[in-house]
Structure formats: C-alpha cells, structure tokens
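This is upload.tsv. It holds TSV, C-alpha atoms.
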chain	number	residue	atom	x	y	z
A	1	MET	CA	97.69	-59.51	-29.23
A	2	ALA	CA	96.27	-56.60	-27.23
A	3	LYS	CA	97.72	-55.87	-23.84
A	4	THR	CA	95.53	-56.77	-20.90
A	5	LEU	CA	95.20	-53.69	-18.75
A	6	SER	CA	94.92	-55.48	-15.44
A	7	LEU	CA	97.05	-57.42	-12.99
A	8	TYR	CA	95.15	-60.62	-13.73
A	9	VAL	CA	97.29	-63.62	-14.73
A	10	GLU	CA	95.64	-66.19	-16.98
A	11	ARG	CA	95.97	-69.68	-15.48
A	12	ASN	CA	93.80	-72.78	-15.37
A	13	THR	CA	93.85	-73.51	-11.63
A	14	PHE	CA	91.29	-74.16	-8.92
A	15	ILE	CA	92.06	-70.77	-7.31
A	16	HIS	CA	91.19	-69.00	-10.55
A	17	ARG	CA	87.85	-70.81	-10.71
A	18	VAL	CA	86.80	-69.88	-7.18
A	19	ASP	CA	83.91	-67.43	-7.06
A	20	SER	CA	84.99	-63.77	-6.93
A	21	ILE	CA	82.80	-63.09	-3.89
A	22	ASN	CA	84.54	-65.86	-1.98
A	23	LYS	CA	87.93	-64.31	-2.76
A	24	ILE	CA	86.71	-60.99	-1.41
A	25	LEU	CA	85.49	-62.79	1.72
A	26	TYR	CA	88.92	-64.42	2.04
A	27	VAL	CA	90.57	-60.99	1.95
A	28	LEU	CA	88.19	-59.64	4.61
A	29	VAL	CA	88.65	-62.69	6.85
A	30	SER	CA	92.45	-62.60	6.42
A	31	VAL	CA	92.53	-58.93	7.41
A	32	ALA	CA	90.09	-59.33	10.32
A	33	ILE	CA	91.53	-62.40	12.05
A	34	PRO	CA	94.92	-60.87	13.03
A	35	LEU	CA	93.02	-57.93	14.50
A	36	ILE	CA	90.68	-60.22	16.43
A	37	LEU	CA	93.49	-62.53	17.56
A	38	PRO	CA	96.54	-60.21	17.90
A	39	TYR	CA	99.13	-62.98	18.17
A	40	LYS	CA	102.22	-63.17	15.98
A	41	PHE	CA	101.74	-66.80	15.00
A	42	VAL	CA	98.22	-66.06	13.68
A	43	ALA	CA	99.50	-63.54	11.12
A	44	VAL	CA	102.38	-65.85	10.18
A	45	LEU	CA	99.97	-68.77	9.72
A	46	LEU	CA	97.75	-66.68	7.43
A	47	ILE	CA	100.80	-65.60	5.42
A	48	LEU	CA	101.76	-69.25	4.90
A	49	ILE	CA	98.20	-70.08	3.83
A	50	SER	CA	98.15	-67.21	1.32
A	51	ILE	CA	101.55	-68.24	-0.05
A	52	SER	CA	100.21	-71.77	-0.50
A	53	PHE	CA	97.23	-70.44	-2.48
A	54	LEU	CA	99.51	-68.24	-4.62
A	55	LEU	CA	101.76	-71.22	-5.37
A	56	LEU	CA	98.73	-73.33	-6.20
A	57	ALA	CA	97.52	-70.56	-8.55
A	58	LYS	CA	101.02	-70.38	-10.14
A	59	VAL	CA	101.27	-66.60	-9.66
A	60	MET	CA	103.79	-66.37	-6.83
A	61	ARG	CA	106.43	-64.90	-9.13
A	62	ARG	CA	104.18	-61.88	-9.78
A	63	VAL	CA	103.96	-61.21	-6.03
A	64	ILE	CA	107.71	-60.92	-5.45
A	65	PRO	CA	108.02	-57.37	-6.92
A	66	LEU	CA	105.12	-56.31	-4.69
A	67	ILE	CA	106.93	-57.62	-1.61
A	68	GLU	CA	110.15	-55.93	-2.71
A	69	PHE	CA	108.30	-52.63	-3.10
A	70	SER	CA	106.87	-52.96	0.42
A	71	VAL	CA	110.34	-53.42	1.98
A	72	ILE	CA	110.69	-49.63	2.36
A	73	ILE	CA	107.40	-49.48	4.28
A	74	LEU	CA	108.42	-52.41	6.47
A	75	LEU	CA	111.82	-50.87	7.25
A	76	SER	CA	110.16	-47.60	8.24
A	77	ILE	CA	107.85	-49.52	10.59
A	78	VAL	CA	110.82	-51.27	12.21
A	79	ILE	CA	112.80	-48.04	12.64
A	80	ILE	CA	109.93	-45.95	13.98
A	81	GLN	CA	108.58	-48.58	16.37
A	82	GLY	CA	112.02	-49.78	17.44
A	83	LEU	CA	113.00	-46.25	18.43
A	84	PHE	CA	109.81	-44.48	19.49
A	85	HIS	CA	107.24	-47.09	20.54
A	86	ALA	CA	105.43	-45.94	23.70
A	87	GLY	CA	106.18	-49.17	25.58
A	88	ASN	CA	109.93	-49.23	24.90
A	89	LYS	CA	111.88	-50.25	28.03
A	90	THR	CA	114.28	-53.11	27.29
A	91	VAL	CA	117.31	-52.32	25.13
A	92	ALA	CA	117.78	-54.74	22.24
A	93	PHE	CA	120.93	-53.33	20.55
A	94	HIS	CA	122.71	-50.14	19.59
A	95	ILE	CA	123.68	-48.80	16.18
A	96	ALA	CA	126.20	-46.03	16.77
A	97	ARG	CA	124.34	-43.85	19.32
A	98	ILE	CA	120.89	-45.04	18.26
A	99	THR	CA	119.14	-47.47	20.61
A	100	PHE	CA	116.57	-50.01	19.51
A	101	TYR	CA	114.22	-51.59	22.04
A	102	LYS	CA	112.78	-55.11	22.22
A	103	GLU	CA	109.20	-53.98	22.82
A	104	GLY	CA	109.19	-51.73	19.76
A	105	LEU	CA	110.83	-54.35	17.55
A	106	SER	CA	108.33	-56.95	18.71
A	107	TYR	CA	105.43	-54.64	17.87
A	108	ALA	CA	107.07	-53.76	14.54
A	109	PHE	CA	107.29	-57.46	13.70
A	110	THR	CA	103.56	-57.85	14.40
A	111	LEU	CA	102.68	-54.86	12.21
A	112	SER	CA	104.98	-56.07	9.43
A	113	MET	CA	103.39	-59.50	9.41
A	114	ARG	CA	99.95	-57.88	9.17
A	115	VAL	CA	101.05	-55.72	6.23
A	116	ILE	CA	102.50	-58.70	4.38
A	117	ASN	CA	99.37	-60.71	5.15
A	118	ILE	CA	97.16	-57.98	3.65
A	119	LEU	CA	99.36	-57.71	0.54
A	120	LEU	CA	99.30	-61.45	-0.09
A	121	ALA	CA	95.55	-61.73	0.48
A	122	PHE	CA	94.86	-58.91	-1.98
A	123	ALA	CA	97.35	-60.46	-4.41
A	124	ILE	CA	95.25	-63.63	-4.51
A	125	LEU	CA	92.22	-61.52	-5.43
A	126	VAL	CA	93.75	-59.28	-8.10
A	127	LEU	CA	96.07	-61.84	-9.72
A	128	THR	CA	93.52	-64.64	-10.07
A	129	THR	CA	90.34	-62.67	-10.80
A	130	LYS	CA	89.43	-60.79	-13.96
A	131	PRO	CA	88.31	-57.24	-13.04
A	132	SER	CA	85.26	-57.59	-15.27
A	133	GLU	CA	84.17	-60.78	-13.50
A	134	LEU	CA	84.78	-59.23	-10.07
A	135	ILE	CA	82.71	-56.13	-10.83
A	136	GLU	CA	79.98	-58.19	-12.48
A	137	ALA	CA	79.72	-60.43	-9.41
A	138	LEU	CA	79.46	-57.39	-7.11
A	139	VAL	CA	76.82	-55.73	-9.31
A	140	LYS	CA	74.80	-58.95	-9.25
A	141	LYS	CA	74.91	-58.77	-5.45
A	142	GLY	CA	73.41	-55.29	-5.52
A	143	LEU	CA	76.39	-52.96	-5.98
A	144	SER	CA	75.57	-49.78	-7.90
A	145	PRO	CA	76.82	-50.01	-11.51
A	146	ARG	CA	78.28	-46.51	-11.12
A	147	PHE	CA	80.34	-47.57	-8.11
A	148	GLY	CA	81.25	-50.76	-9.98
A	149	TYR	CA	82.65	-48.67	-12.81
A	150	VAL	CA	84.68	-46.56	-10.37
A	151	LEU	CA	86.06	-49.72	-8.73
A	152	SER	CA	86.89	-51.24	-12.11
A	153	SER	CA	88.76	-48.08	-13.11
A	154	ALA	CA	90.71	-48.13	-9.83
A	155	LEU	CA	91.77	-51.75	-10.40
A	156	GLN	CA	93.00	-50.93	-13.90
A	157	ILE	CA	94.64	-47.54	-13.31
A	158	ILE	CA	98.11	-48.90	-12.43
A	159	PRO	CA	98.35	-51.30	-15.42
A	160	GLN	CA	97.02	-48.55	-17.70
A	161	MET	CA	99.60	-46.05	-16.51
A	162	MET	CA	102.38	-48.63	-16.83
A	163	SER	CA	101.26	-49.41	-20.36
A	164	ALA	CA	101.04	-45.72	-21.27
A	165	VAL	CA	104.45	-44.91	-19.81
A	166	GLY	CA	106.02	-47.87	-21.64
A	167	SER	CA	104.53	-46.80	-24.97
A	168	ILE	CA	105.55	-43.15	-24.50
A	169	MET	CA	109.10	-44.11	-23.49
A	170	ASP	CA	109.42	-46.25	-26.62
A	171	ALA	CA	108.21	-43.32	-28.73
A	172	GLN	CA	110.60	-40.91	-27.01
A	173	ARG	CA	113.54	-43.27	-27.49
A	174	SER	CA	112.71	-43.58	-31.19
A	175	ARG	CA	113.01	-39.77	-31.38
A	176	GLY	CA	116.48	-39.81	-29.80
A	177	LEU	CA	115.61	-39.08	-26.16
A	178	GLU	CA	117.95	-40.88	-23.77
A	179	THR	CA	115.90	-42.67	-21.09
A	180	GLU	CA	118.46	-45.09	-19.66
A	181	GLY	CA	121.59	-44.41	-17.70
A	182	ASN	CA	122.42	-42.87	-14.34
A	183	LEU	CA	119.93	-41.23	-12.00
A	184	ALA	CA	120.33	-37.75	-13.51
A	185	VAL	CA	119.55	-39.07	-17.00
A	186	ARG	CA	116.46	-40.89	-15.76
A	187	ILE	CA	115.20	-37.78	-13.94
A	188	ARG	CA	115.62	-35.66	-17.09
A	189	ALA	CA	113.77	-38.30	-19.11
A	190	PHE	CA	110.91	-38.39	-16.60
A	191	PHE	CA	109.62	-34.85	-17.16
A	192	PRO	CA	108.84	-35.26	-20.90
A	193	LEU	CA	106.62	-38.22	-19.93
A	194	ILE	CA	104.33	-36.24	-17.61
A	195	GLY	CA	102.49	-34.24	-20.28
A	196	PRO	CA	101.66	-37.15	-22.63
A	197	VAL	CA	100.58	-39.40	-19.72
A	198	VAL	CA	98.23	-36.76	-18.27
A	199	MET	CA	96.80	-35.80	-21.66
A	200	GLY	CA	96.38	-39.45	-22.62
A	201	SER	CA	94.51	-40.13	-19.37
A	202	LEU	CA	92.15	-37.20	-19.97
A	203	ILE	CA	91.45	-38.27	-23.54
A	204	GLU	CA	90.86	-41.88	-22.47
A	205	THR	CA	88.48	-40.75	-19.72
A	206	ARG	CA	86.43	-38.74	-22.23
A	207	GLU	CA	86.32	-41.65	-24.69
A	208	ARG	CA	85.16	-44.01	-21.95
A	209	ALA	CA	82.41	-41.62	-20.90
A	210	MET	CA	81.21	-41.37	-24.51
A	211	ALA	CA	81.30	-45.15	-24.92
A	212	LEU	CA	79.28	-45.66	-21.73
A	213	GLU	CA	76.66	-43.14	-22.83
A	214	VAL	CA	76.31	-44.87	-26.21
A	215	ARG	CA	75.70	-48.14	-24.35
A	216	ALA	CA	72.95	-46.56	-22.19
A	217	PHE	CA	74.97	-46.79	-18.99
A	218	ASN	CA	72.62	-44.33	-17.25
A	219	SER	CA	69.50	-46.21	-18.26
A	220	ARG	CA	67.19	-47.12	-15.38
A	221	GLU	CA	66.16	-50.38	-17.03
A	222	LYS	CA	67.21	-53.62	-15.38
A	223	LYS	CA	70.71	-54.62	-16.46
A	224	THR	CA	71.47	-57.99	-18.05
A	225	PHE	CA	74.79	-59.83	-17.95
A	226	LEU	CA	76.75	-61.50	-20.72
A	227	ASN	CA	78.12	-64.28	-18.50
A	228	GLU	CA	75.86	-66.14	-16.09
A	229	ARG	CA	77.91	-68.15	-13.61
A	230	GLN	CA	76.20	-71.03	-11.86
A	231	ASN	CA	76.52	-71.20	-8.08
A	232	LEU	CA	78.56	-74.35	-7.45
A	233	ARG	CA	78.42	-76.48	-4.31
A	234	SER	CA	82.12	-75.80	-3.71
A	235	ASP	CA	81.36	-72.06	-3.54
A	236	ASN	CA	78.93	-72.62	-0.68
A	237	VAL	CA	81.41	-74.89	1.10
A	238	ILE	CA	84.20	-72.30	0.85
A	239	ARG	CA	81.87	-69.58	2.09
A	240	LEU	CA	80.82	-71.73	5.05
A	241	ILE	CA	84.44	-72.47	5.94
A	242	LEU	CA	85.39	-68.77	5.87
A	243	PHE	CA	82.46	-67.73	8.05
A	244	SER	CA	83.18	-70.62	10.44
A	245	ILE	CA	86.84	-69.59	10.81
A	246	LEU	CA	85.85	-65.98	11.43
A	247	SER	CA	83.25	-67.02	14.02
A	248	LEU	CA	85.75	-69.33	15.72
A	249	SER	CA	88.32	-66.52	15.98
A	250	ILE	CA	85.69	-64.27	17.62
A	251	VAL	CA	84.81	-67.01	20.12
A	252	LEU	CA	88.49	-67.58	20.94
A	253	ARG	CA	89.00	-63.85	21.50
A	254	VAL	CA	86.12	-63.81	23.98
A	255	LEU	CA	87.35	-66.89	25.82
A	256	LEU	CA	91.06	-66.07	25.92

Using the file provided, produce a representation of the structure as structure tokens.
Amino acid sequence: MAKTLSLYVERNTFIHRVDSINKILYVLVSVAIPLILPYKFVAVLLILISISFLLLAKVMRRVIPLIEFSVIILLSIVIIQGLFHAGNKTVAFHIARITFYKEGLSYAFTLSMRVINILLAFAILVLTTKPSELIEALVKKGLSPRFGYVLSSALQIIPQMMSAVGSIMDAQRSRGLETEGNLAVRIRAFFPLIGPVVMGSLIETRERAMALEVRAFNSREKKTFLNERQNLRSDNVIRLILFSILSLSIVLRVLL
C-alpha cells in the first residue's frame, strides 16, 4: 500500500464527515475568542472542547507528539515572561539567584494556553481532513487554483520530508552507514541525508510541474471537480453555531 503523504488519519467518525469549511471556521473562531475575551478560563474551556473533538475523532494519540514538541516553546514562554515581563512586581519564587514573578508567570500561563489551543484546533483540521478535500472546498469557494496548489504543497511538505528521510535512512543503513547510537553518531549520519533530500525535493517539484502542465493546470477554462459534496443541513447548523458563538464573545467583550 502506498504511503499517504499527509497528516490525515482515516477514521469513520462524525468529525471526519464535517465540512472542511466548517473546520476552518472552527480554527478561526477558536483562535479569535481568546483574543476577544482574554480570560484564562476561556482558553482552557476551548482546549477542553478541542480535546473532546479529538477524542471523538479517535486521533488524540497523534496529537501527543505535537504537544511534546511544543513543550520547548512553552518553557521558553514561561522563563522569558516569568523573568522579564514588563509588569513583574510580586516575587513568586527563587531558583538559585534567579527570581520569577507572579505577574509574568500568570501572563505566561495565558500565552501557553493560547498556544495549546491553537495547536489543538489546527490538529482537528489537519488530522480529520484530507488535503485534497480541503483544497477542493476552498477552490469551490473562489480560492485561486494556484494558491490552492501552494497550500496543498505546504500541508504535505512535512509528511513528504519525513517519508523521504525514512527511505534514505533505510537505504544508507543497507549500505553500512551507522544511523543509530549516541548523539555524535546521529550527527555524522545526518549530513549524508541532506544531499539526497534536497535533490529529491527538486526532482519531485519538477515532476509535479510537468504533471500539472500535462493536465492543463494553467487553462482558463472553468474547472470541474471529481467529487461533488452535497451541502447538508448539519453543515449549516454548525456554521450558525460558530458564528453565534463568535458574535456572543464580541458582545460580551463590549459589555464587560
């Protein structure tokens, strides 16, 4: 079976069947609400909602490595804000001669919750939506096919590079190159991978350009689509709920 060069996880769940446009709207609403209502509990509530959707979609396990990768970013936020935040006044604790302040840590917590919220919202989109369906839905809404192709390539670049690196490492190991061991061994094994990965990317880019030209990608004729998805009543309901929540948050910000 051919490898799927995307982060999409095949599942038969309600979240997977939700319209791609509605998932994009969910991401936008999830990012906007904590900015409109800058309260800690709002970001935490959105995180819990996103986790619920990820569990319902049965893809939560795929999100854990993403959260682990973001720990470095979150720690840097805590350190920088805890030490150097402009509003720092009240001492929280000391580590050796380093002083952390409550105001900075509180602000760092807010920023960290926003970062996690954004990661989880985007995870719902990329893990439960096929890139082809997402781009097709956007093009149907008026997005330029050229920009759609660029967006599709961006969504697939990480899986493609991971696939290429894995294949090249297997080939190098079969030729006797040691790729596993301590840090020094891994660093030495990294450099022989650079050339093949770069060359492979250039060759693949050229082949894609040729394939697109053969398929009249630059033609000015009206494009047709292989899959025609019917607009379901549930799609309209979800869209209405998202817009209502966003409008309510704006009203609350004005009143509070």

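The shortest atom-to-atom distance to A:Ile194, with only C-alpha atoms taken into account, belongs to A:Val165 out of A:Thr129, A:Val165, A:Gly176, A:Met113.
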
> Using only C-alpha atoms, which of the listed residues (A:Val9, A:Val198, A:Leu134, A:Leu125) sits closest to A:Arg62?
Replying inline: A:Val9

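Relative to atom CA of A:Tyr8, atom CA of A:Ala171 is found at 26.4 Å.
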
Residues within 12 Å of A:Ile33, only C-alpha atoms, excluding chain neighbours under 2 positions, as a PDB file with C-alpha atoms, in the frame of the given file:
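Printed below is around31.pdb as written:
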ATOM      1  CA  LEU A  25      85.490 -62.790   1.720  1.00  0.00           C
ATOM      2  CA  TYR A  26      88.920 -64.420   2.040  1.00  0.00           C
ATOM      3  CA  VAL A  27      90.570 -60.990   1.950  1.00  0.00           C
ATOM      4  CA  LEU A  28      88.190 -59.640   4.610  1.00  0.00           C
ATOM      5  CA  VAL A  29      88.650 -62.690   6.850  1.00  0.00           C
ATOM      6  CA  SER A  30      92.450 -62.600   6.420  1.00  0.00           C
ATOM      7  CA  VAL A  31      92.530 -58.930   7.410  1.00  0.00           C
ATOM      8  CA  LEU A  35      93.020 -57.930  14.500  1.00  0.00           C
ATOM      9  CA  ILE A  36      90.680 -60.220  16.430  1.00  0.00           C
ATOM     10  CA  LEU A  37      93.490 -62.530  17.560  1.00  0.00           C
ATOM     11  CA  PRO A  38      96.540 -60.210  17.900  1.00  0.00           C
ATOM     12  CA  TYR A  39      99.130 -62.980  18.170  1.00  0.00           C
ATOM     13  CA  LYS A  40     102.220 -63.170  15.980  1.00  0.00           C
ATOM     14  CA  PHE A  41     101.740 -66.800  15.000  1.00  0.00           C
ATOM     15  CA  VAL A  42      98.220 -66.060  13.680  1.00  0.00           C
ATOM     16  CA  ALA A  43      99.500 -63.540  11.120  1.00  0.00           C
ATOM     17  CA  VAL A  44     102.380 -65.850  10.180  1.00  0.00           C
ATOM     18  CA  LEU A  45      99.970 -68.770   9.720  1.00  0.00           C
ATOM     19  CA  LEU A  46      97.750 -66.680   7.430  1.00  0.00           C
ATOM     20  CA  ILE A  47     100.800 -65.600   5.420  1.00  0.00           C
ATOM     21  CA  ARG A 114      99.950 -57.880   9.170  1.00  0.00           C
ATOM     22  CA  ASN A 117      99.370 -60.710   5.150  1.00  0.00           C
ATOM     23  CA  ILE A 118      97.160 -57.980   3.650  1.00  0.00           C
ATOM     24  CA  LEU A 242      85.390 -68.770   5.870  1.00  0.00           C
ATOM     25  CA  PHE A 243      82.460 -67.730   8.050  1.00  0.00           C
ATOM     26  CA  SER A 244      83.180 -70.620  10.440  1.00  0.00           C
ATOM     27  CA  ILE A 245      86.840 -69.590  10.810  1.00  0.00           C
ATOM     28  CA  LEU A 246      85.850 -65.980  11.430  1.00  0.00           C
ATOM     29  CA  SER A 247      83.250 -67.020  14.020  1.00  0.00           C
ATOM     30  CA  LEU A 248      85.750 -69.330  15.720  1.00  0.00           C
ATOM     31  CA  SER A 249      88.320 -66.520  15.980  1.00  0.00           C
ATOM     32  CA  ILE A 250      85.690 -64.270  17.620  1.00  0.00           C
ATOM     33  CA  VAL A 251      84.810 -67.010  20.120  1.00  0.00           C
ATOM     34  CA  LEU A 252      88.490 -67.580  20.940  1.00  0.00           C
ATOM     35  CA  ARG A 253      89.000 -63.850  21.500  1.00  0.00           C
TER      36      ARG A 253
END

For A:Phe109, work out the shell of residues within 10 Å, counting only C-alpha atoms and skipping chain neighbours fewer than 5 positions away, then give it as a PDB file with C-alpha atoms, in the coordinates of the input.
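Saved file result_16.pdb follows:
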ATOM      1  CA  LYS A  40     102.220 -63.170  15.980  1.00  0.00           C
ATOM      2  CA  LEU A  74     108.420 -52.410   6.470  1.00  0.00           C
ATOM      3  CA  ILE A  77     107.850 -49.520  10.590  1.00  0.00           C
ATOM      4  CA  VAL A  78     110.820 -51.270  12.210  1.00  0.00           C
ATOM      5  CA  GLN A  81     108.580 -48.580  16.370  1.00  0.00           C
ATOM      6  CA  GLY A  82     112.020 -49.780  17.440  1.00  0.00           C
ATOM      7  CA  GLU A 103     109.200 -53.980  22.820  1.00  0.00           C
ATOM      8  CA  GLY A 104     109.190 -51.730  19.760  1.00  0.00           C
ATOM      9  CA  ARG A 114      99.950 -57.880   9.170  1.00  0.00           C
ATOM     10  CA  VAL A 115     101.050 -55.720   6.230  1.00  0.00           C
TER      11      VAL A 115
END

> Mind pulling up the distance from atom CA of A:Ile124 to atom CA of A:Ile51?
Replying inline: 9.0 Å

>> Restricting the calculation to only C-alpha atoms: of A:Lys140, A:Gly166, A:Leu119, A:Ala209, which residue gets closest to A:Phe69?
In response: A:Leu119

> atom CA of A:Val197 to atom CA of A:Leu7: how many Å, to one decimal?
Replying inline: 19.6 Å

> Which residue, A:Ser76, A:Ser20, A:Gln172, A:Thr110, has the smallest gap to A:Leu127 when you use all atoms listed in the file?
Replying inline: A:Ser20
